[in-house]
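Trainee: Sharing work-v4.txt (compact mmCIF, C-alpha atoms) below.
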```
# COMPACT_ATOMS: atom_id res chain seq x y z
CA ARG A 3 71.82 53.03 36.62
CA CYS A 4 69.79 50.31 34.90
CA SER A 5 69.71 46.67 36.00
CA VAL A 6 67.81 43.62 34.74
CA THR A 7 67.56 40.16 36.30
CA ALA A 8 66.33 36.98 34.61
CA THR A 9 66.27 33.23 35.15
CA SER A 10 67.74 31.09 32.40
CA SER A 11 65.42 28.50 30.86
CA ALA A 12 68.34 26.50 29.45
CA ALA A 13 70.64 24.14 31.30
CA THR A 14 73.71 25.11 29.29
CA THR A 15 74.11 28.45 27.50
CA SER A 16 71.73 31.41 27.51
CA THR A 17 71.85 34.79 25.79
CA PHE A 18 71.16 38.11 27.46
CA ARG A 19 70.48 41.20 25.30
CA VAL A 20 69.69 44.86 25.89
CA TYR A 21 68.54 46.94 22.91
CA ILE A 22 66.36 49.85 21.84
CA SER A 23 63.07 48.85 20.21
CA GLU A 24 60.84 50.82 17.87
CA SER A 25 57.93 50.27 20.28
CA GLY A 26 56.90 48.41 23.38
CA THR A 27 55.25 45.64 21.36
CA THR A 28 57.94 44.73 18.85
CA THR A 29 61.42 43.28 18.93
CA THR A 30 62.49 45.28 15.90
CA VAL A 31 65.72 46.99 16.86
CA ALA A 32 65.72 50.74 16.37
CA THR A 33 68.50 52.30 14.32
CA GLY A 34 70.38 54.78 16.43
CA ASP A 35 70.94 58.37 15.36
CA SER A 36 71.98 61.63 16.97
CA TYR A 37 69.26 61.42 19.60
CA ARG A 38 68.36 57.71 19.83
CA ALA A 39 71.21 55.61 21.15
CA VAL A 40 72.51 53.73 24.17
CA LEU A 41 75.77 54.83 25.71
CA GLY A 42 76.76 52.20 28.24
CA THR A 43 79.58 52.28 30.73
CA GLY A 44 80.39 49.84 33.48
CA LEU A 45 78.45 47.04 31.77
CA GLN A 46 78.44 43.92 33.92
CA VAL A 47 76.91 40.43 33.91
CA GLU A 48 76.86 38.38 37.10
CA ALA A 49 75.24 35.23 38.43
CA SER A 50 73.09 36.55 41.25
CA SER A 51 69.47 37.19 42.16
CA THR A 52 70.18 40.94 42.50
CA ALA A 53 72.49 43.42 40.80
CA SER A 54 75.47 44.53 42.86
CA SER A 55 77.91 47.37 42.50
CA LEU A 56 80.51 47.43 39.73
CA ILE A 57 83.34 44.89 39.86
CA SER A 58 86.30 46.16 37.84
CA THR A 59 87.79 43.41 35.67
CA SER A 60 90.39 43.24 32.92
CA GLY A 61 89.99 40.37 30.48
CA ALA A 62 88.88 37.80 33.04
CA THR A 63 86.03 37.08 35.41
CA ALA A 64 86.34 38.05 39.06
CA THR A 65 84.73 37.03 42.33
CA ARG A 66 83.09 39.76 44.35
CA ALA A 67 84.44 40.49 47.78
CA VAL A 68 81.76 40.81 50.46
CA ASP A 69 80.23 44.28 50.44
CA SER A 70 80.40 45.91 53.85
CA CYS A 71 80.43 49.40 55.22
CA SER A 72 81.70 50.84 58.47
CA VAL A 73 82.40 54.39 59.60
CA ALA A 74 83.82 55.92 62.75
CA LEU A 75 81.06 57.63 64.74
CA SER A 76 83.32 60.65 65.19
CA ASN A 77 83.26 61.15 61.41
CA ILE A 78 79.49 61.66 61.47
CA GLY A 79 79.40 63.92 64.50
CA ILE A 80 78.53 61.27 67.10
CA THR A 81 80.43 61.11 70.39
CA SER A 82 81.03 57.69 71.91
CA GLY A 83 78.50 57.16 74.67
CA GLN A 84 76.00 59.79 73.62
CA ASP A 85 72.30 59.12 73.05
CA LEU A 86 71.33 58.32 69.46
CA THR A 87 68.66 56.84 67.21
CA ALA A 88 69.15 54.74 64.06
CA ILE A 89 66.66 54.19 61.25
CA VAL A 90 67.29 51.56 58.57
CA GLU A 91 65.27 50.35 55.61
CA GLY A 92 66.25 46.99 54.14
CA ASP A 93 66.21 43.21 54.30
CA ALA A 94 68.98 41.22 55.99
CA GLY A 95 68.42 38.24 53.69
CA ALA A 96 68.40 34.64 54.81
CA ILE A 97 71.65 34.49 56.80
CA VAL A 98 70.96 33.93 60.49
CA GLY A 99 72.89 36.46 62.55
CA ALA A 100 73.28 38.95 59.71
CA SER A 101 72.96 42.51 60.94
CA LEU A 102 71.32 45.38 59.06
CA ILE A 103 72.91 48.09 61.16
CA GLY A 104 74.78 48.27 64.41
CA PHE A 105 77.26 50.11 66.58
CA ASP A 106 80.25 48.56 68.34
CA ASP A 107 83.71 49.20 69.75
CA GLY A 108 85.47 46.89 67.28
CA SER A 109 84.86 43.83 69.43
CA SER A 110 82.00 41.58 70.46
CA SER A 111 81.98 43.03 73.99
CA ASN A 112 80.07 46.24 73.30
CA TYR A 113 77.45 46.50 70.57
CA ALA A 114 73.87 47.35 69.66
CA ARG A 115 72.44 45.77 66.48
CA ILE A 116 69.33 44.96 64.47
CA THR A 117 69.86 41.30 63.58
CA ARG A 118 68.11 38.52 61.67
CA HIS A 119 67.39 35.87 64.32
CA SER A 120 67.16 32.09 63.97
CA ASN A 121 63.33 32.23 63.88
CA ASN A 122 63.56 34.63 60.90
CA ASN A 123 62.27 37.53 62.97
CA TYR A 124 64.53 40.45 63.78
CA THR A 125 65.94 41.28 67.19
CA PHE A 126 67.52 44.36 68.73
CA ASP A 127 70.54 43.12 70.68
CA VAL A 128 72.51 45.22 73.17
CA ARG A 129 75.69 43.98 74.87
CA THR A 130 77.94 45.91 77.27
CA ASP A 131 81.29 44.77 78.66
CA ALA A 132 80.60 41.25 77.32
CA VAL A 133 77.29 41.05 79.24
CA SER A 134 73.97 40.91 77.39
CA GLN A 135 71.79 43.87 78.36
CA ALA A 136 68.74 43.17 76.20
CA VAL A 137 67.52 41.02 73.33
CA ILE A 138 64.30 42.59 72.08
CA THR A 139 62.36 40.46 69.61
CA LEU A 140 60.56 42.71 67.14
CA GLY A 141 57.30 40.75 67.01
CA SER A 142 56.35 39.05 63.73
CA SER A 143 59.00 40.94 61.81
CA SER A 144 60.26 38.30 59.36
CA SER A 145 59.01 40.36 56.40
CA ALA A 146 59.59 43.79 57.92
CA THR A 147 61.69 46.29 55.97
CA GLN A 148 61.80 49.40 58.17
CA PHE A 149 63.44 49.43 61.59
CA ALA A 150 64.31 51.98 64.24
CA PHE A 151 66.10 51.77 67.56
CA ARG A 152 66.97 54.18 70.34
CA LEU A 153 70.10 54.07 72.50
CA GLU A 154 69.82 55.88 75.81
CA GLN A 155 71.04 54.81 79.23
CA ASN A 156 68.28 52.76 80.91
CA ASN A 157 65.87 53.57 78.08
CA ILE A 158 66.38 51.63 74.88
CA GLY A 159 63.63 50.84 72.42
CA ALA A 160 63.01 49.42 68.96
CA SER A 161 60.23 49.24 66.38
CA ALA A 162 59.68 47.49 63.05
CA ASP A 163 57.27 48.60 60.30
CA GLY A 164 55.39 51.01 62.55
CA SER A 165 54.77 48.52 65.34
CA SER A 166 54.51 49.53 68.97
CA VAL A 167 57.94 50.20 70.46
CA THR A 168 59.37 47.50 72.72
CA THR A 169 61.51 49.05 75.45
CA ASP A 170 63.95 48.09 78.18
CA THR A 171 64.55 50.51 81.05
CA SER A 172 67.45 48.69 82.71
CA ALA A 173 69.96 48.34 79.86
CA THR A 174 73.38 49.89 80.34
CA ILE A 175 74.94 51.26 77.14
CA GLY A 176 78.68 50.80 76.64
CA LEU A 177 81.12 52.99 74.74
CA MET A 178 80.93 52.37 70.99
CA SER A 179 83.07 53.93 68.30
CA THR A 180 81.97 52.47 64.95
CA MET A 181 78.80 52.15 62.89
CA GLN A 182 78.52 48.91 60.92
CA ILE A 183 76.13 48.60 57.97
CA GLY A 184 75.35 45.13 56.64
CA ASN A 185 77.92 43.29 58.76
CA GLY A 186 77.09 40.13 60.68
CA TYR A 187 78.54 38.71 63.86
CA TRP A 188 77.34 35.10 63.71
CA SER A 189 77.47 34.09 60.07
CA GLY A 190 79.10 36.90 58.09
CA ALA A 191 77.65 39.82 56.18
CA THR A 192 74.05 40.11 55.06
CA ASP A 193 73.07 38.72 51.68
CA GLY A 194 70.11 41.11 51.53
CA THR A 195 69.76 44.75 50.61
CA ILE A 196 69.89 48.06 52.48
CA ALA A 197 68.13 51.04 50.93
CA ARG A 198 68.43 53.79 53.54
CA VAL A 199 70.16 54.61 56.83
CA SER A 200 69.48 57.66 59.00
CA ILE A 201 71.20 58.56 62.27
CA TYR A 202 69.90 61.06 64.83
CA SER A 203 72.20 62.41 67.55
CA GLU A 204 69.49 62.13 70.18
CA ALA A 205 67.17 59.52 71.65
CA LEU A 206 63.85 59.89 69.84
CA SER A 207 60.52 59.16 71.50
CA ASP A 208 58.47 56.00 71.07
CA ALA A 209 56.01 57.95 68.91
CA ASN A 210 58.83 59.07 66.62
CA LEU A 211 60.22 55.53 66.27
CA THR A 212 56.81 54.28 65.23
CA ALA A 213 56.19 57.15 62.81
CA LEU A 214 59.60 56.84 61.15
CA THR A 215 59.07 53.15 60.39
CA SER A 216 55.45 53.40 59.19
```
Turn the structure described in the file into structure tokens.
Mentor:
Amino acid sequence: RCSVTATSSAATTSTFRVYISESGTTTTVATGDSYRAVLGTGLQVEASSTASSLISTSGATATRAVDSCSVALSNIGITSGQDLTAIVEGDAGAIVGASLIGFDDGSSSNYARITRHSNNNYTFDVRTDAVSQAVITLGSSSSATQFAFRLEQNNIGASADGSSVTTDTSATIGLMSTMQIGNGYWSGATDGTIARVSIYSEALSDANLTALTS
């Protein structure tokens, strides 16, 4: 996949071109032959600061639906209530309340999430039976891109960009059935990017959380 972004210098109409050049220092277009050519499929132009996935259209423009991803924990070998660790690499964007990754029971009563907070830093929020168990602020994490958190009864912890793990030894973990990637619970889905998600079916140590986000 190849993507290019640019900012128009004109207030009305701009032109966007992709072509093969004879060299890196000339705009002379190369003539294609049996081994020099561009075969493009799924070509797409959109008004956005980043390239998104393909939007299928047929003769007319279309508006993208919000990208979101969720999966039942049972489909990835996780039993509701068991210990686990989540690692995520990404940026939640500018939307306050947008979540990079989280687990829930399909409601706002039971969840655990890495969330962009109102001060631009990230927090690890855990809620059980509609009662907040912990809100761990991940230090000066506004520009952090790698996060890890551990879910274990009375032993949760989180780290960002290799920082020391902040823990809570009194948090009760509720039953959760779904993993949510890029979904928000205050102000809709993230407008950022998510590059990688890893799930471990055990509660990793503080040292591991730090190492996996370094």
Trainee: Tell me, as a ChimeraX atom specification, which residues lie within 12 Å of segment 55-66 of chain A, counting all atoms listed in the file; anything in the same chain fewer than 6 positions away does not count.
Mentor: /A:3-5,43-49,195
Trainee: List the spatial neighbours of Gln135 of chain A as a list in words - criterion: any atom at most 8 Å away, only C-alpha atoms, same-chain residues fewer than 4 positions off excluded.
Mentor: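 Neighbouring residues, sequence-local ones excluded: Asp127, Val128, Arg129, Thr130, Ser172, Ala173 and Thr174 of chain A.
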Trainee: Centre and edge lengths of an axis-aligned box around all listed atoms of segment 83-97 of chain A, with 6 Å added on each side, are to be given in Å to one decimal, as JSON.
Mentor:
```
{"center_x": 71.9, "center_y": 47.1, "center_z": 64.2, "size_x": 25.2, "size_y": 37.3, "size_z": 33.0}
```
Trainee: How many Å lie between atom CA of Thr14 of chain A and atom CA of Ala96 of chain A, rounded to one decimal?
Mentor: 27.8 Å
Trainee: For Val167 of chain A, which residue out of A:Asn123, A:Thr192, A:Ser143, A:Thr212 is the nearest one, using only C-alpha atoms?
Mentor: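 Closest to Val167 of chain A, using only C-alpha atoms: A:Thr212.
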Trainee: Between atom CA of Gly141 of chain A and atom CA of Phe126 of chain A, what is the distance, to one decimal in Å?
Mentor: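 Here the two named atoms are 11.0 Å from each other.
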Trainee: I'd like to know which of A:Asn77, A:Thr125, A:Ser145, A:Ser203 is closest to Gly95 of chain A, using only C-alpha atoms.
Mentor: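 Selected residue with least distance to Gly95 of chain A: A:Ser145.
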Trainee: Excluding same-chain residues fewer than 5 positions from Ala146 of chain A, what lies within 10 Å of it counting all atoms listed in the file, as number ranges by chain?
Mentor: A: 91-94, 123-124, 140-141, 162-164, 215
Trainee: Pick the closest to Leu86 of chain A from A:Ser166, A:Val6, A:Gly194, A:Phe105: which is it, counting only C-alpha atoms?
Mentor: A:Phe105
Trainee: Could you write segment 46-59 of chain A of the block just shown to a file containing N, CA, C and O atoms, as a compact mmCIF listing (two decimals), in the first residue's frame?
Mentor:
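decode-v1.txt was written with the following content:
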```txt
# COMPACT_ATOMS: atom_id res chain seq x y z
N GLN A 46 -7.73 6.05 -4.28
CA GLN A 46 -8.68 6.83 -3.48
C GLN A 46 -8.09 8.19 -3.12
O GLN A 46 -6.92 8.29 -2.77
N VAL A 47 -8.90 9.24 -3.21
CA VAL A 47 -8.51 10.57 -2.77
C VAL A 47 -9.49 11.00 -1.69
O VAL A 47 -10.71 10.87 -1.86
N GLU A 48 -8.99 11.51 -0.58
CA GLU A 48 -9.87 11.94 0.50
C GLU A 48 -9.30 13.17 1.19
O GLU A 48 -8.09 13.40 1.19
N ALA A 49 -10.18 13.96 1.75
CA ALA A 49 -9.79 15.16 2.49
C ALA A 49 -9.57 14.78 3.94
O ALA A 49 -10.50 14.66 4.73
N SER A 50 -8.30 14.55 4.28
CA SER A 50 -7.97 14.12 5.63
C SER A 50 -6.47 14.31 5.84
O SER A 50 -5.71 14.38 4.88
N SER A 51 -6.07 14.37 7.09
CA SER A 51 -4.64 14.53 7.38
C SER A 51 -3.89 13.20 7.31
O SER A 51 -2.66 13.17 7.27
N THR A 52 -4.63 12.07 7.30
CA THR A 52 -4.03 10.75 7.18
C THR A 52 -4.85 9.91 6.22
O THR A 52 -6.04 10.16 6.00
N ALA A 53 -4.20 8.90 5.64
CA ALA A 53 -4.89 8.00 4.73
C ALA A 53 -5.63 6.93 5.52
O ALA A 53 -5.09 6.36 6.46
N SER A 54 -6.86 6.67 5.14
CA SER A 54 -7.65 5.65 5.83
C SER A 54 -7.78 4.42 4.94
O SER A 54 -7.18 4.33 3.88
N SER A 55 -8.57 3.48 5.38
CA SER A 55 -8.80 2.28 4.59
C SER A 55 -9.72 2.60 3.41
O SER A 55 -10.33 3.66 3.34
N LEU A 56 -9.81 1.66 2.49
CA LEU A 56 -10.55 1.88 1.25
C LEU A 56 -12.05 2.08 1.51
O LEU A 56 -12.67 1.34 2.27
N ILE A 57 -12.61 3.09 0.86
CA ILE A 57 -14.06 3.32 0.87
C ILE A 57 -14.58 2.98 -0.52
O ILE A 57 -14.25 3.66 -1.49
N SER A 58 -15.35 1.93 -0.64
CA SER A 58 -15.88 1.54 -1.95
C SER A 58 -16.95 2.52 -2.40
O SER A 58 -17.90 2.82 -1.67
N THR A 59 -16.77 3.07 -3.61
CA THR A 59 -17.75 4.01 -4.17
C THR A 59 -18.10 3.58 -5.58
O THR A 59 -17.41 2.77 -6.19
```
